[in-house]
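Below is protein19.pdb, holding PDB, C-alpha atoms.
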```pdb
ATOM      1  CA  MET A   1      95.113 113.142 102.230
ATOM      2  CA  MET A   2      91.813 114.177 103.786
ATOM      3  CA  TYR A   3      88.422 113.259 102.337
ATOM      4  CA  HIS A   4      84.902 114.449 103.059
ATOM      5  CA  ASP A   5      83.766 111.145 104.589
ATOM      6  CA  LEU A   6      84.308 107.388 104.587
ATOM      7  CA  GLN A   7      82.475 106.919 101.296
ATOM      8  CA  GLU A   8      84.709 109.408  99.484
ATOM      9  CA  LEU A   9      87.805 107.883 101.094
ATOM     10  CA  ILE A  10      87.074 104.338  99.936
ATOM     11  CA  GLN A  11      85.992 105.552  96.492
ATOM     12  CA  ASN A  12      89.207 107.497  95.885
ATOM     13  CA  SER A  13      91.900 105.628  97.801
ATOM     14  CA  ARG A  14      92.632 102.145  96.520
ATOM     15  CA  SER A  15      94.623 101.134  99.589
ATOM     16  CA  SER A  16      91.878 102.342 101.941
ATOM     17  CA  ARG A  17      89.250 100.509  99.893
ATOM     18  CA  GLU A  18      91.307  97.297  99.985
ATOM     19  CA  TYR A  19      91.765  97.638 103.752
ATOM     20  CA  PHE A  20      88.063  98.369 104.288
ATOM     21  CA  LEU A  21      87.024  95.349 102.206
ATOM     22  CA  SER A  22      89.446  93.125 104.139
ATOM     23  CA  LEU A  23      87.540  93.844 107.366
ATOM     24  CA  PRO A  24      84.727  91.596 108.570
ATOM     25  CA  VAL A  25      81.335  92.603 107.157
ATOM     26  CA  LYS A  26      80.065  93.390 110.655
ATOM     27  CA  THR A  27      82.940  95.874 111.117
ATOM     28  CA  GLN A  28      82.282  97.426 107.699
ATOM     29  CA  CYS A  29      78.627  97.949 108.603
ATOM     30  CA  ARG A  30      79.492  99.476 111.959
ATOM     31  CA  LEU A  31      82.008 101.821 110.312
ATOM     32  CA  HIS A  32      79.282 103.144 108.021
ATOM     33  CA  ASP A  33      77.524 104.355 111.179
ATOM     34  CA  TYR A  34      80.484 106.720 111.675
ATOM     35  CA  HIS A  35      81.075 107.640 108.024
ATOM     36  CA  ASP A  36      80.944 111.404 108.695
ATOM     37  CA  HIS A  37      83.888 111.121 111.104
ATOM     38  CA  VAL A  38      86.338 109.198 108.905
ATOM     39  CA  HIS A  39      88.377 111.495 106.647
ATOM     40  CA  SER A  40      91.718 109.720 106.194
ATOM     41  CA  ALA A  41      93.331 106.288 106.059
ATOM     42  CA  ALA A  42      94.695 106.786 109.566
ATOM     43  CA  GLN A  43      91.213 107.571 110.895
ATOM     44  CA  LEU A  44      89.824 104.513 109.095
ATOM     45  CA  HIS A  45      92.402 102.244 110.751
ATOM     46  CA  TRP A  46      91.763 103.823 114.155
ATOM     47  CA  ALA A  47      87.979 103.565 113.801
ATOM     48  CA  ALA A  48      88.154  99.929 112.665
ATOM     49  CA  ARG A  49      90.284  99.021 115.693
ATOM     50  CA  ALA A  50      87.918 100.912 117.996
ATOM     51  CA  VAL A  51      84.820  99.191 116.574
ATOM     52  CA  GLU A  52      86.454  95.776 116.852
ATOM     53  CA  ASP A  53      87.629  96.528 120.409
ATOM     54  CA  VAL A  54      84.100  97.511 121.462
ATOM     55  CA  ASP A  55      82.672  94.363 119.874
ATOM     56  CA  ARG A  56      85.258  92.224 121.665
ATOM     57  CA  LEU A  57      84.512  93.873 125.020
ATOM     58  CA  ASP A  58      80.777  93.440 124.442
ATOM     59  CA  ARG A  59      81.272  89.729 123.794
ATOM     60  CA  LEU A  60      83.420  89.330 126.900
ATOM     61  CA  SER A  61      80.960  91.180 129.110
ATOM     62  CA  GLY A  62      77.845  89.552 127.701
ATOM     63  CA  TRP A  63      76.357  92.892 126.600
ATOM     64  CA  ASP A  64      76.285  91.915 122.913
ATOM     65  CA  GLN A  65      73.124  89.777 123.075
ATOM     66  CA  GLY A  66      71.080  92.396 121.178
ATOM     67  CA  ARG A  67      73.474  92.767 118.225
TER
END
```
I need this file expressed as structure tokens, please.
Amino acid sequence: MMYHDLQELIQNSRSSREYFLSLPVKTQCRLHDYHDHVHSAAQLHWAARAVEDVDRLDRLSGWDQGR
């Protein structure tokens, strides 16, 4: 099912809300930056993996000092 944005998704889909709340707070906050682009559970899972991958690469490269 497609939703307008991340907020609507986690308000109306219990499984998506449970998944979102299981993520680290830092990931949750970063996902809110992209709330207009998340319309389904699949997109939420993809976006969470992408955010966590970027954070991991930043840590490995040393570029995360400002976050």
Which residue out of A:Leu23, A:Met1, A:Cys29, A:Ile10 has the minimum interatomic distance to Arg49 in chain A when all atoms listed in the file are used?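 Smallest distance to Arg49 in chain A is found for A:Leu23.
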Evaluated on this file, the PyMOL selection byres ((chain A and resi 31) around 12) picks out some residues - which ones are they, written as a PyMOL selection string? chain A and resi 5-7+10+20-21+23-30+32-38+43-52
What is the distance, in Å and to one decimal place, between CA of Asp55 in chain A and CA of Tyr19 in chain A?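 Between these atoms lies a distance of 18.8 Å.
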So what do you get for CA of Asp53 in chain A versus CA of Ser40 in chain A, distance-wise? 19.8 Å
To one decimal place, how far is CA of Gln11 in chain A from CA of Arg56 in chain A in Å? 28.5 Å
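Remark: for Ala42 in chain A, the closest of the candidate residues A:Val54, A:Leu60, A:His4, A:Leu9 is A:Leu9 (distances computed over only C-alpha atoms).
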Please put the answer as JSON: centre and edge lengths, in Å with one decimal, of a box along x, y and z that encloses all listed atoms of range 32-43 of chain A plus 6 Å on each side.
```
{"center_x": 86.1, "center_y": 107.3, "center_z": 108.9, "size_x": 29.2, "size_y": 20.4, "size_z": 17.6}
```
